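K.L.:
Sharing model.pdb, PDB, C-alpha atoms:
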ATOM      1  CA  MET D   1     103.693  96.470 124.387
ATOM      2  CA  ASP D   2     106.339  94.279 122.881
ATOM      3  CA  PRO D   3     107.597  96.094 119.750
ATOM      4  CA  GLN D   4     107.529  92.813 117.820
ATOM      5  CA  ALA D   5     103.833  92.344 118.676
ATOM      6  CA  ALA D   6     103.064  95.942 117.719
ATOM      7  CA  LYS D   7     104.778  95.331 114.392
ATOM      8  CA  PHE D   8     102.595  92.317 113.615
ATOM      9  CA  ILE D   9      99.430  94.138 114.697
ATOM     10  CA  GLY D  10     100.392  97.031 112.453
ATOM     11  CA  ALA D  11     100.955  94.727 109.512
ATOM     12  CA  GLY D  12      97.553  93.157 110.123
ATOM     13  CA  LEU D  13      95.899  96.565 110.293
ATOM     14  CA  ALA D  14      97.571  97.606 107.032
ATOM     15  CA  CYS D  15      95.917  94.631 105.333
ATOM     16  CA  PHE D  16      92.529  96.273 106.015
ATOM     17  CA  ALA D  17      93.158  98.238 102.825
ATOM     18  CA  LEU D  18      92.246  95.071 100.964
ATOM     19  CA  ILE D  19      88.636  95.394 102.213
ATOM     20  CA  GLY D  20      88.257  98.391  99.958
ATOM     21  CA  ALA D  21      89.879  96.553  97.073
ATOM     22  CA  GLY D  22      87.450  93.666  97.555
ATOM     23  CA  ILE D  23      84.424  95.973  97.569
ATOM     24  CA  GLY D  24      85.729  97.871  94.553
ATOM     25  CA  ILE D  25      86.501  94.789  92.468
ATOM     26  CA  GLY D  26      83.154  93.239  93.404
ATOM     27  CA  ASN D  27      81.365  96.431  92.374
ATOM     28  CA  ILE D  28      83.139  96.585  89.023
ATOM     29  CA  PHE D  29      82.523  92.967  88.059
ATOM     30  CA  GLY D  30      78.974  92.992  89.431
ATOM     31  CA  ASN D  31      78.044  96.091  87.490
ATOM     32  CA  TYR D  32      79.744  94.804  84.364
ATOM     33  CA  LEU D  33      77.805  91.555  84.615
ATOM     34  CA  SER D  34      74.452  93.275  85.150
ATOM     35  CA  GLY D  35      75.179  95.585  82.247
ATOM     36  CA  ALA D  36      76.315  92.681  80.085
ATOM     37  CA  LEU D  37      73.117  90.731  80.821
ATOM     38  CA  ARG D  38      70.988  93.717  79.838
ATOM     39  CA  ASN D  39      72.873  94.324  76.617
ATOM     40  CA  PRO D  40      75.067  91.334  75.773
ATOM     41  CA  SER D  41      76.061  92.704  72.353
ATOM     42  CA  ALA D  42      77.763  95.742  73.910
ATOM     43  CA  ALA D  43      79.621  93.691  76.538
ATOM     44  CA  PRO D  44      82.774  92.641  74.643
ATOM     45  CA  GLY D  45      83.522  96.270  73.723
ATOM     46  CA  GLN D  46      83.721  97.187  77.394
ATOM     47  CA  PHE D  47      85.951  94.297  78.420
ATOM     48  CA  THR D  48      89.140  96.387  78.313
ATOM     49  CA  ASN D  49      87.485  99.085  80.428
ATOM     50  CA  LEU D  50      86.451  96.364  82.868
ATOM     51  CA  LEU D  51      90.027  95.186  83.265
ATOM     52  CA  ILE D  52      91.337  98.743  83.626
ATOM     53  CA  GLY D  53      88.787  99.432  86.346
ATOM     54  CA  PHE D  54      89.714  96.183  88.007
ATOM     55  CA  ALA D  55      93.407  97.070  87.900
ATOM     56  CA  LEU D  56      92.871 100.564  89.283
ATOM     57  CA  ALA D  57      90.627  99.331  92.109
ATOM     58  CA  GLU D  58      93.030  96.557  92.986
ATOM     59  CA  ALA D  59      96.076  98.836  93.072
ATOM     60  CA  THR D  60      94.666 100.922  95.924
ATOM     61  CA  GLY D  61      94.267  97.822  98.067
ATOM     62  CA  LEU D  62      97.690  96.545  97.112
ATOM     63  CA  PHE D  63      99.281  99.759  98.398
ATOM     64  CA  GLY D  64      98.015  98.703 101.836
ATOM     65  CA  LEU D  65      99.403  95.212 101.385
ATOM     66  CA  LEU D  66     102.710  96.791 100.400
ATOM     67  CA  ILE D  67     102.754  98.751 103.672
ATOM     68  CA  ALA D  68     102.168  95.473 105.526
ATOM     69  CA  LEU D  69     105.096  93.871 103.698
ATOM     70  CA  ILE D  70     107.352  96.856 104.419
ATOM     71  CA  ILE D  71     106.420  96.632 108.114
ATOM     72  CA  LEU D  72     107.086  92.891 108.218
ATOM     73  CA  PHE D  73     110.220  92.637 106.079
ATOM     74  CA  GLY D  74     111.486  96.194 105.667
TER      75      GLY D  74
ATOM     76  CA  MET T  75     116.306  74.549  94.513
ATOM     77  CA  ALA T  76     115.518  70.933  95.301
ATOM     78  CA  GLY T  77     117.845  68.737  97.237
ATOM     79  CA  HIS T  78     119.062  71.231  99.827
ATOM     80  CA  ALA T  79     117.818  69.709 103.060
ATOM     81  CA  ALA T  80     119.130  72.524 105.219
ATOM     82  CA  GLU T  81     117.389  75.191 103.145
ATOM     83  CA  ASN T  82     114.722  77.494 104.529
ATOM     84  CA  HIS T  83     111.300  76.409 103.255
ATOM     85  CA  GLY T  84     109.115  79.272 104.432
ATOM     86  CA  PRO T  85     106.622  80.860 102.028
ATOM     87  CA  MET T  86     109.087  83.683 101.328
ATOM     88  CA  ALA T  87     112.059  81.409 100.540
ATOM     89  CA  GLN T  88     111.024  81.232  96.875
ATOM     90  CA  PHE T  89     111.788  84.940  96.413
ATOM     91  CA  GLU T  90     115.356  84.664  97.628
ATOM     92  CA  ILE T  91     118.002  86.015  95.263
ATOM     93  CA  LYS T  92     120.964  83.701  94.882
ATOM     94  CA  ARG T  93     124.299  84.625  93.349
ATOM     95  CA  LEU T  94     125.086  82.140  90.609
ATOM     96  CA  VAL T  95     128.206  83.817  89.199
ATOM     97  CA  PRO T  96     129.594  86.350  91.692
ATOM     98  CA  MET T  97     130.950  89.439  89.931
ATOM     99  CA  GLU T  98     132.008  92.875  91.025
ATOM    100  CA  LEU T  99     132.575  96.058  89.044
ATOM    101  CA  PHE T 100     133.904  99.295  90.579
ATOM    102  CA  GLY T 101     132.728  98.168  94.009
ATOM    103  CA  TYR T 102     129.195  97.362  92.813
ATOM    104  CA  ASP T 103     127.816  93.862  93.111
ATOM    105  CA  ILE T 104     126.810  92.883  89.573
ATOM    106  CA  SER T 105     126.627  89.126  90.177
ATOM    107  CA  PHE T 106     124.700  86.964  87.737
ATOM    108  CA  THR T 107     121.779  85.906  89.955
ATOM    109  CA  ASN T 108     118.887  83.493  89.561
ATOM    110  CA  SER T 109     116.753  86.556  88.786
ATOM    111  CA  ALA T 110     119.059  87.495  85.916
ATOM    112  CA  LEU T 111     119.099  83.877  84.769
ATOM    113  CA  PHE T 112     115.309  83.801  84.477
ATOM    114  CA  MET T 113     115.245  87.162  82.696
ATOM    115  CA  VAL T 114     117.752  85.863  80.148
ATOM    116  CA  LEU T 115     115.792  82.613  79.879
ATOM    117  CA  ALA T 116     112.545  84.522  79.241
ATOM    118  CA  LEU T 117     114.269  86.657  76.618
ATOM    119  CA  VAL T 118     115.830  83.670  74.861
ATOM    120  CA  LEU T 119     112.632  81.585  74.969
ATOM    121  CA  ALA T 120     110.367  84.426  73.801
ATOM    122  CA  SER T 121     112.564  85.640  70.958
ATOM    123  CA  GLY T 122     113.569  82.074  70.047
ATOM    124  CA  PHE T 123     109.924  81.063  69.845
ATOM    125  CA  LEU T 124     108.912  84.062  67.752
ATOM    126  CA  ILE T 125     111.853  83.698  65.360
ATOM    127  CA  PHE T 126     111.336  79.953  65.027
ATOM    128  CA  ALA T 127     107.556  80.243  64.621
ATOM    129  CA  MET T 128     107.792  82.923  61.942
ATOM    130  CA  ASN T 129     110.620  81.159  60.111
ATOM    131  CA  GLY T 130     108.345  79.689  57.422
ATOM    132  CA  ARG T 131     106.361  82.880  56.815
ATOM    133  CA  SER T 132     103.815  80.886  54.900
ATOM    134  CA  LEU T 133     100.560  82.444  53.761
ATOM    135  CA  VAL T 134      98.618  79.614  55.391
ATOM    136  CA  PRO T 135     100.172  79.615  58.853
ATOM    137  CA  SER T 136     101.379  76.482  60.562
ATOM    138  CA  ARG T 137     100.320  75.800  64.139
ATOM    139  CA  MET T 138     103.353  77.589  65.611
ATOM    140  CA  GLN T 139     103.026  80.482  63.229
ATOM    141  CA  SER T 140      99.377  81.029  64.086
ATOM    142  CA  ILE T 141     100.264  81.215  67.803
ATOM    143  CA  ALA T 142     102.851  83.894  67.043
ATOM    144  CA  GLU T 143     100.409  85.694  64.762
ATOM    145  CA  SER T 144      97.622  85.690  67.307
ATOM    146  CA  LEU T 145     100.047  87.096  69.911
ATOM    147  CA  TYR T 146     100.892  89.853  67.441
ATOM    148  CA  GLU T 147      97.236  90.519  66.630
ATOM    149  CA  PHE T 148      96.323  90.577  70.324
ATOM    150  CA  VAL T 149      98.842  93.306  71.166
ATOM    151  CA  ALA T 150      98.197  95.132  67.894
ATOM    152  CA  GLY T 151      94.497  95.206  68.850
ATOM    153  CA  ILE T 152      95.295  96.820  72.201
ATOM    154  CA  VAL T 153      97.537  99.431  70.543
ATOM    155  CA  ARG T 154      95.009 100.238  67.791
ATOM    156  CA  GLU T 155      92.134 100.492  70.245
ATOM    157  CA  ASN T 156      93.953 102.932  72.529
ATOM    158  CA  LEU T 157      96.259 104.849  70.213
ATOM    159  CA  GLY T 158      94.660 104.587  66.795
ATOM    160  CA  GLU T 159      96.409 103.562  63.610
ATOM    161  CA  GLU T 160      99.246 106.107  63.902
ATOM    162  CA  GLY T 161     100.120 104.660  67.306
ATOM    163  CA  MET T 162     101.351 101.531  65.559
ATOM    164  CA  ARG T 163     104.811 103.129  65.351
ATOM    165  CA  TYR T 164     105.103 102.421  69.078
ATOM    166  CA  PHE T 165     103.932  98.849  68.586
ATOM    167  CA  PRO T 166     107.380  97.134  68.779
ATOM    168  CA  TRP T 167     108.042  98.692  72.178
ATOM    169  CA  VAL T 168     104.620  97.752  73.598
ATOM    170  CA  PHE T 169     104.901  94.258  72.139
ATOM    171  CA  SER T 170     108.325  93.749  73.753
ATOM    172  CA  ILE T 171     106.992  94.846  77.145
ATOM    173  CA  PHE T 172     104.026  92.506  76.886
ATOM    174  CA  ILE T 173     106.029  89.494  75.741
ATOM    175  CA  PHE T 174     108.746  90.021  78.355
ATOM    176  CA  ILE T 175     106.314  90.320  81.272
ATOM    177  CA  LEU T 176     104.215  87.421  79.993
ATOM    178  CA  ALA T 177     107.321  85.245  79.584
ATOM    179  CA  VAL T 178     108.766  85.942  83.044
ATOM    180  CA  ASN T 179     105.346  85.517  84.678
ATOM    181  CA  MET T 180     104.757  82.202  82.940
ATOM    182  CA  LEU T 181     108.283  80.950  83.680
ATOM    183  CA  GLY T 182     107.639  81.836  87.302
ATOM    184  CA  MET T 183     104.616  79.513  87.339
ATOM    185  CA  ILE T 184     106.865  76.471  86.897
ATOM    186  CA  PRO T 185     107.155  74.923  90.387
ATOM    187  CA  GLY T 186     110.573  75.574  91.898
ATOM    188  CA  SER T 187     111.451  78.314  89.426
ATOM    189  CA  PHE T 188     111.928  81.986  90.195
ATOM    190  CA  THR T 189     109.427  84.753  89.451
ATOM    191  CA  VAL T 190     111.369  87.799  88.312
ATOM    192  CA  THR T 191     108.347  90.112  88.599
ATOM    193  CA  SER T 192     107.886  89.237  92.293
ATOM    194  CA  HIS T 193     110.658  91.726  93.089
ATOM    195  CA  ILE T 194     109.538  95.329  93.210
ATOM    196  CA  ILE T 195     112.858  96.633  91.927
ATOM    197  CA  VAL T 196     112.340  94.733  88.649
ATOM    198  CA  THR T 197     108.755  95.901  88.145
ATOM    199  CA  PHE T 198     109.699  99.419  89.244
ATOM    200  CA  ALA T 199     112.504  99.533  86.694
ATOM    201  CA  LEU T 200     110.020  98.429  83.999
ATOM    202  CA  ALA T 201     107.403 100.946  85.138
ATOM    203  CA  LEU T 202     109.928 103.770  85.355
ATOM    204  CA  MET T 203     111.159 102.918  81.850
ATOM    205  CA  VAL T 204     107.554 103.194  80.603
ATOM    206  CA  TRP T 205     106.917 106.426  82.491
ATOM    207  CA  VAL T 206     110.143 108.156  81.425
ATOM    208  CA  THR T 207     109.659 107.097  77.786
ATOM    209  CA  VAL T 208     106.053 108.298  77.755
ATOM    210  CA  THR T 209     106.994 111.626  79.346
ATOM    211  CA  LEU T 210     109.824 112.121  76.840
ATOM    212  CA  ILE T 211     107.496 111.302  73.934
ATOM    213  CA  GLY T 212     104.955 113.777  75.314
ATOM    214  CA  PHE T 213     107.476 116.593  75.562
ATOM    215  CA  ALA T 214     109.012 115.718  72.192
ATOM    216  CA  ARG T 215     105.643 115.874  70.436
ATOM    217  CA  HIS T 216     103.997 118.803  72.202
ATOM    218  CA  GLY T 217     106.896 120.705  73.725
ATOM    219  CA  VAL T 218     105.919 122.735  76.795
ATOM    220  CA  GLY T 219     102.296 122.300  75.697
ATOM    221  CA  TYR T 220     102.443 118.815  77.200
ATOM    222  CA  LEU T 221     102.010 120.486  80.604
ATOM    223  CA  LYS T 222      98.413 121.248  79.526
ATOM    224  CA  LEU T 223      97.782 117.618  80.445
ATOM    225  CA  PHE T 224      97.562 118.845  84.031
ATOM    226  CA  VAL T 225      94.885 121.427  83.176
ATOM    227  CA  PRO T 226      91.748 119.541  82.138
ATOM    228  CA  ASP T 227      89.200 121.218  79.865
ATOM    229  CA  GLY T 228      85.879 122.464  81.179
ATOM    230  CA  VAL T 229      86.942 122.852  84.790
ATOM    231  CA  PRO T 230      85.933 126.181  86.399
ATOM    232  CA  ILE T 231      88.910 128.429  87.090
ATOM    233  CA  TRP T 232      88.348 128.566  90.864
ATOM    234  CA  LEU T 233      88.764 124.756  91.010
ATOM    235  CA  MET T 234      92.158 124.907  89.288
ATOM    236  CA  PRO T 235      94.270 125.262  92.468
ATOM    237  CA  LEU T 236      92.714 121.983  93.583
ATOM    238  CA  ILE T 237      92.586 120.067  90.303
ATOM    239  CA  VAL T 238      96.081 120.839  89.005
ATOM    240  CA  PRO T 239      97.974 119.477  92.037
ATOM    241  CA  ILE T 240      95.763 116.368  91.984
ATOM    242  CA  GLU T 241      96.526 115.846  88.288
ATOM    243  CA  ILE T 242     100.263 116.326  88.885
ATOM    244  CA  VAL T 243     100.306 113.880  91.799
ATOM    245  CA  SER T 244      98.295 111.321  89.850
ATOM    246  CA  TYR T 245     100.779 111.660  86.997
ATOM    247  CA  LEU T 246     103.788 111.291  89.281
ATOM    248  CA  ILE T 247     102.321 108.259  91.054
ATOM    249  CA  ARG T 248     101.852 106.347  87.793
ATOM    250  CA  PRO T 249     105.187 104.461  87.844
ATOM    251  CA  ILE T 250     104.628 103.481  91.480
ATOM    252  CA  SER T 251     101.111 102.167  90.934
ATOM    253  CA  LEU T 252     102.186 100.361  87.758
ATOM    254  CA  ALA T 253     105.090  98.713  89.583
ATOM    255  CA  VAL T 254     103.231  97.874  92.786
ATOM    256  CA  ARG T 255     100.302  96.302  90.935
ATOM    257  CA  LEU T 256     102.450  93.820  89.037
ATOM    258  CA  PHE T 257     104.777  93.121  91.960
ATOM    259  CA  ALA T 258     102.077  92.684  94.624
ATOM    260  CA  ASN T 259      99.919  90.460  92.439
ATOM    261  CA  MET T 260     102.763  88.118  91.578
ATOM    262  CA  MET T 261     104.231  88.067  95.071
ATOM    263  CA  ALA T 262     100.930  87.669  96.920
ATOM    264  CA  GLY T 263      99.775  84.909  94.566
ATOM    265  CA  HIS T 264     102.969  82.893  94.843
ATOM    266  CA  THR T 265     103.094  83.332  98.630
ATOM    267  CA  MET T 266      99.491  82.159  98.924
ATOM    268  CA  LEU T 267     100.219  79.050  96.855
ATOM    269  CA  LYS T 268     103.205  78.241  99.089
ATOM    270  CA  VAL T 269     101.221  78.808 102.304
ATOM    271  CA  PHE T 270      98.376  76.550 101.189
ATOM    272  CA  ALA T 271     100.793  73.932  99.906
ATOM    273  CA  SER T 272     102.451  73.871 103.339
ATOM    274  CA  PHE T 273      99.057  73.062 104.932
ATOM    275  CA  ALA T 274      99.222  69.727 103.109
ATOM    276  CA  VAL T 275     102.217  68.872 105.284
ATOM    277  CA  SER T 276     100.847  70.080 108.607
ATOM    278  CA  LEU T 277      97.228  68.836 108.378
ATOM    279  CA  PRO T 278      96.181  65.297 109.464
ATOM    280  CA  VAL T 279      96.003  62.631 106.755
ATOM    281  CA  VAL T 280      92.199  62.828 106.306
ATOM    282  CA  ALA T 281      92.319  66.505 105.405
ATOM    283  CA  LYS T 282      95.450  66.487 103.254
ATOM    284  CA  ALA T 283      93.482  66.339 100.005
ATOM    285  CA  PHE T 284      91.855  69.756 100.501
ATOM    286  CA  PRO T 285      94.972  71.943 100.392
ATOM    287  CA  VAL T 286      96.293  69.900  97.471
ATOM    288  CA  LEU T 287      93.098  70.430  95.467
ATOM    289  CA  PHE T 288      92.975  74.066  96.520
ATOM    290  CA  THR T 289      96.569  74.595  95.427
ATOM    291  CA  ALA T 290      95.856  72.927  92.073
ATOM    292  CA  ALA T 291      92.809  75.139  91.497
ATOM    293  CA  PHE T 292      94.649  78.273  92.534
ATOM    294  CA  THR T 293      97.592  77.436  90.292
ATOM    295  CA  GLY T 294      95.084  77.717  87.448
ATOM    296  CA  LEU T 295      93.946  81.074  88.806
ATOM    297  CA  GLU T 296      97.559  82.194  89.094
ATOM    298  CA  PHE T 297      98.084  81.445  85.395
ATOM    299  CA  LEU T 298      95.124  83.717  84.687
ATOM    300  CA  VAL T 299      96.555  86.418  86.989
ATOM    301  CA  SER T 300      99.986  86.098  85.328
ATOM    302  CA  PHE T 301      98.429  86.719  81.939
ATOM    303  CA  LEU T 302      96.055  89.396  83.213
ATOM    304  CA  GLN T 303      98.820  91.402  84.864
ATOM    305  CA  ALA T 304     100.934  91.340  81.701
ATOM    306  CA  PHE T 305      97.820  92.459  79.792
ATOM    307  CA  ILE T 306      96.956  95.238  82.249
ATOM    308  CA  PHE T 307     100.539  96.511  82.277
ATOM    309  CA  THR T 308     100.371  96.685  78.472
ATOM    310  CA  VAL T 309      96.955  98.366  78.388
ATOM    311  CA  LEU T 310      98.015 100.992  80.929
ATOM    312  CA  THR T 311     101.219 101.593  78.973
ATOM    313  CA  CYS T 312      99.038 102.247  75.910
ATOM    314  CA  ILE T 313      96.731 104.571  77.862
ATOM    315  CA  TYR T 314      99.668 106.602  79.188
ATOM    316  CA  LEU T 315     101.130 106.645  75.697
ATOM    317  CA  ASN T 316      97.800 107.897  74.361
ATOM    318  CA  ASP T 317      97.927 110.813  76.825
ATOM    319  CA  ALA T 318     101.348 111.713  75.464
ATOM    320  CA  VAL T 319     100.609 111.172  71.776
ATOM    321  CA  ASN T 320      97.069 112.485  71.330
ATOM    322  CA  MET T 321      96.643 114.577  74.490
ATOM    323  CA  HIS T 322      92.873 114.966  74.426
ATOM    324  CA  HIS T 323      91.724 114.829  77.958
TER     325      HIS T 323
END
Could you write out this structure as structure tokens?

P.N.:
Amino acid sequence: MDPQAAKFIGAGLACFALIGAGIGIGNIFGNYLSGALRNPSAAPGQFTNLLIGFALAEATGLFGLLIALIILFG
Amino acid sequence: MAGHAAENHGPMAQFEIKRLVPMELFGYDISFTNSALFMVLALVLASGFLIFAMNGRSLVPSRMQSIAESLYEFVAGIVRENLGEEGMRYFPWVFSIFIFILAVNMLGMIPGSFTVTSHIIVTFALALMVWVTVTLIGFARHGVGYLKLFVPDGVPIWLMPLIVPIEIVSYLIRPISLAVRLFANMMAGHTMLKVFASFAVSLPVVAKAFPVLFTAAFTGLEFLVSFLQAFIFTVLTCIYLNDAVNMHH
């Protein structure tokens, strides 16, 4: 295989990490919303926790994106 | 950036570092670059705004003063919530981090400008500064007892060989995750805007409106992301600081 092609395929594969980030972020916001609709008065107090969860879930996916960028431009 | 016909206009061209004032010191390249220019600009604008807005110090705040005050209250709320009232001694540091990241992110949203935080070395330097400071504070306050952070309460002793290495790795990876989150969000967002904007050039006339509208909508989203990433960086700084200051696990 052409090394250049293998490089691009590898970068594409590394982006699969973002699937997990998508599922994780969807889970967090979905669960927050269902919880907030059940008990709207408690929702604002958990907003910071929501954003922390979002940030932590997103970071794992972004590590994969980082690998893709290193493969492409590193 | 405009007006150079021969320039590269790929989606990554916006992240290019340009030497504005070439300088060299002991063989190191310390040129004043566009990145440094935007950092200085963010610093000058942020501190200039805060000094100017708080100049009156009236009891009934003017419009400018109430913006500055709500910025203060916003960050003070984060610090109080995570660190408690005694954590307010670290407030100036946290506030500076928040304002700096917010300012460079927002300056980066101006079309044609440069986003400082889209370079991992900048965000990594910020994250490492946070991590080293927090670790030093932890050791200064608790001495060697700070290492108990790696030994959580209520874990059975036979699990310790597993839990302690995990805790140590998760502590050591903090600066990397903090840096990568900010960098990747800013870089990916700006690249996506550029890619979709370039579709407006390549698509046929009938479809040109879609990428333009999409880019406009996503510019709004990018403003939200710019703010959110500055906020998350600040919140995580406070959480790490809380580990070091209060140490309950």

K.L.:
For D:Gly22, which of D:Pro44, D:Gly10, D:Gly53, D:Gly61 is the closest residue, counting only C-alpha atoms?

P.N.:
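Looking at the shortest contact to D:Gly22, the residue is D:Gly61.
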
K.L.:
If the cut-off is 10 Å, can you tell me the residues of chain D near chain T, counting only C-alpha atoms? I'd like them as a list in words.

P.N.:
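Within 10 Å of chain T on chain D, we get Thr48, Asn49, Leu51, Ile52, Phe54, Ala55, Leu56, Glu58, Ala59, Thr60, Gly61, Leu62, Phe63, Leu65, Leu66 and Leu69 of chain D.
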
K.L.:
Store the residues picked out above, limited to C-alpha atoms, as a PDB file, in the frame of the given file.

P.N.:
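Dumped everything to part-v1.pdb:
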ATOM      1  CA  THR D  48      89.140  96.387  78.313  1.00  0.00           C
ATOM      2  CA  ASN D  49      87.485  99.085  80.428  1.00  0.00           C
ATOM      3  CA  LEU D  51      90.027  95.186  83.265  1.00  0.00           C
ATOM      4  CA  ILE D  52      91.337  98.743  83.626  1.00  0.00           C
ATOM      5  CA  PHE D  54      89.714  96.183  88.007  1.00  0.00           C
ATOM      6  CA  ALA D  55      93.407  97.070  87.900  1.00  0.00           C
ATOM      7  CA  LEU D  56      92.871 100.564  89.283  1.00  0.00           C
ATOM      8  CA  GLU D  58      93.030  96.557  92.986  1.00  0.00           C
ATOM      9  CA  ALA D  59      96.076  98.836  93.072  1.00  0.00           C
ATOM     10  CA  THR D  60      94.666 100.922  95.924  1.00  0.00           C
ATOM     11  CA  GLY D  61      94.267  97.822  98.067  1.00  0.00           C
ATOM     12  CA  LEU D  62      97.690  96.545  97.112  1.00  0.00           C
ATOM     13  CA  PHE D  63      99.281  99.759  98.398  1.00  0.00           C
ATOM     14  CA  LEU D  65      99.403  95.212 101.385  1.00  0.00           C
ATOM     15  CA  LEU D  66     102.710  96.791 100.400  1.00  0.00           C
ATOM     16  CA  LEU D  69     105.096  93.871 103.698  1.00  0.00           C
TER      17      LEU D  69
END

K.L.:
Could you tell me how far atom CA of T:Thr207 sits from atom CA of T:Ala110, in Å to one decimal place?

P.N.:
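Interatomic distance, atom CA of T:Ala110 to atom CA of T:Thr207: 23.2 Å.
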
K.L.:
Please expand the PyMOL selection byres ((chain T and resi 94) around 10) into the concrete residues it hits in this file, giving the result as a ChimeraX atom specification.

P.N.:
/T:91-93,95-97,105-111

K.L.:
What's the separation between atom CA of T:Gly101 and atom CA of T:Met203, in Å to one decimal place?

P.N.:
25.2 Å

K.L.:
Spell out the residues picked by the PyMOL selection byres ((chain T and resi 215-232) around 10) here, as JSON, numbers by chain.

P.N.:
{"T": [209, 210, 211, 212, 213, 214, 233, 234, 235, 236, 237, 238, 239, 240, 241, 242, 243, 244, 245, 317, 318, 319, 320, 321, 322, 323]}

K.L.:
Which residue out of D:Ile71, D:Leu13, D:Leu50, D:Ala42 has the minimum interatomic distance to D:Phe29 when only C-alpha atoms are used?

P.N.:
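Looking at the shortest contact to D:Phe29, the residue is D:Leu50.
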
K.L.:
Counting only C-alpha atoms, which residue out of T:Ser170, T:Ser272, T:Ser132, T:Gln88 sits closest to T:Pro285?

P.N.:
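Looking at the shortest contact to T:Pro285, the residue is T:Ser272.
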
K.L.:
Provide the atom CA of T:Ala127 to atom CA of T:Met162 distance in Å, to one decimal place.

P.N.:
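Atom-to-atom, atom CA of T:Ala127 to atom CA of T:Met162, that is 22.2 Å.
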
K.L.:
Do a neighbour search on T:Phe270 at 8 Å with all atoms listed in the file, toss out local chain neighbours closer than 6 positions, and write the hits as a list in words.

P.N.:
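Listed by chain and then number, they are Pro285, Val286, Phe288 and Thr289 of chain T.
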
K.L.:
Report as a PyMOL selection string the full result of the PyMOL selection byres ((chain T and resi 90) around 12) when it is applied to this structure.

P.N.:
chain T and resi 75+81-89+91-93+107-109+186-190+192-193+261

K.L.:
Which neighbours of T:Phe174 fall inside 7 Å, counting all atoms listed in the file, when residues of the same chain fewer than 3 positions from it are skipped, and could you give them as JSON, numbers by chain?

P.N.:
{"T": [116, 117, 170, 171, 177, 178]}

K.L.:
Would you save the residues from that selection as an mmCIF file, in the coordinates of the input, using C-alpha atoms?

P.N.:
data_model
loop_
_atom_site.group_PDB
_atom_site.id
_atom_site.type_symbol
_atom_site.label_atom_id
_atom_site.label_comp_id
_atom_site.auth_asym_id
_atom_site.auth_seq_id
_atom_site.Cartn_x
_atom_site.Cartn_y
_atom_site.Cartn_z
ATOM 1 C CA ALA T 116 112.545 84.522 79.241
ATOM 2 C CA LEU T 117 114.269 86.657 76.618
ATOM 3 C CA SER T 170 108.325 93.749 73.753
ATOM 4 C CA ILE T 171 106.992 94.846 77.145
ATOM 5 C CA ALA T 177 107.321 85.245 79.584
ATOM 6 C CA VAL T 178 108.766 85.942 83.044
#

K.L.:
Name the residues in contact with T:Cys312 at a cut-off of 7 Å, using only C-alpha atoms, excluding same-chain residues fewer than 3 positions from it; report them as a list in words.

P.N.:
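The contact residues come out as Val153, Asn156, Leu157, Thr308, Val309, Leu315 and Asn316 of chain T.
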
K.L.:
Would you write out those residues with C-alpha atoms, as a short mmCIF file (atom, residue, chain, number, x, y, z; two decimals), keeping the file's coordinate frame?

P.N.:
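Printed below is result_22.cif as written:
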data_model
loop_
_atom_site.label_atom_id
_atom_site.label_comp_id
_atom_site.auth_asym_id
_atom_site.auth_seq_id
_atom_site.Cartn_x
_atom_site.Cartn_y
_atom_site.Cartn_z
CA VAL T 153 97.54 99.43 70.54
CA ASN T 156 93.95 102.93 72.53
CA LEU T 157 96.26 104.85 70.21
CA THR T 308 100.37 96.68 78.47
CA VAL T 309 96.96 98.37 78.39
CA LEU T 315 101.13 106.64 75.70
CA ASN T 316 97.80 107.90 74.36
#
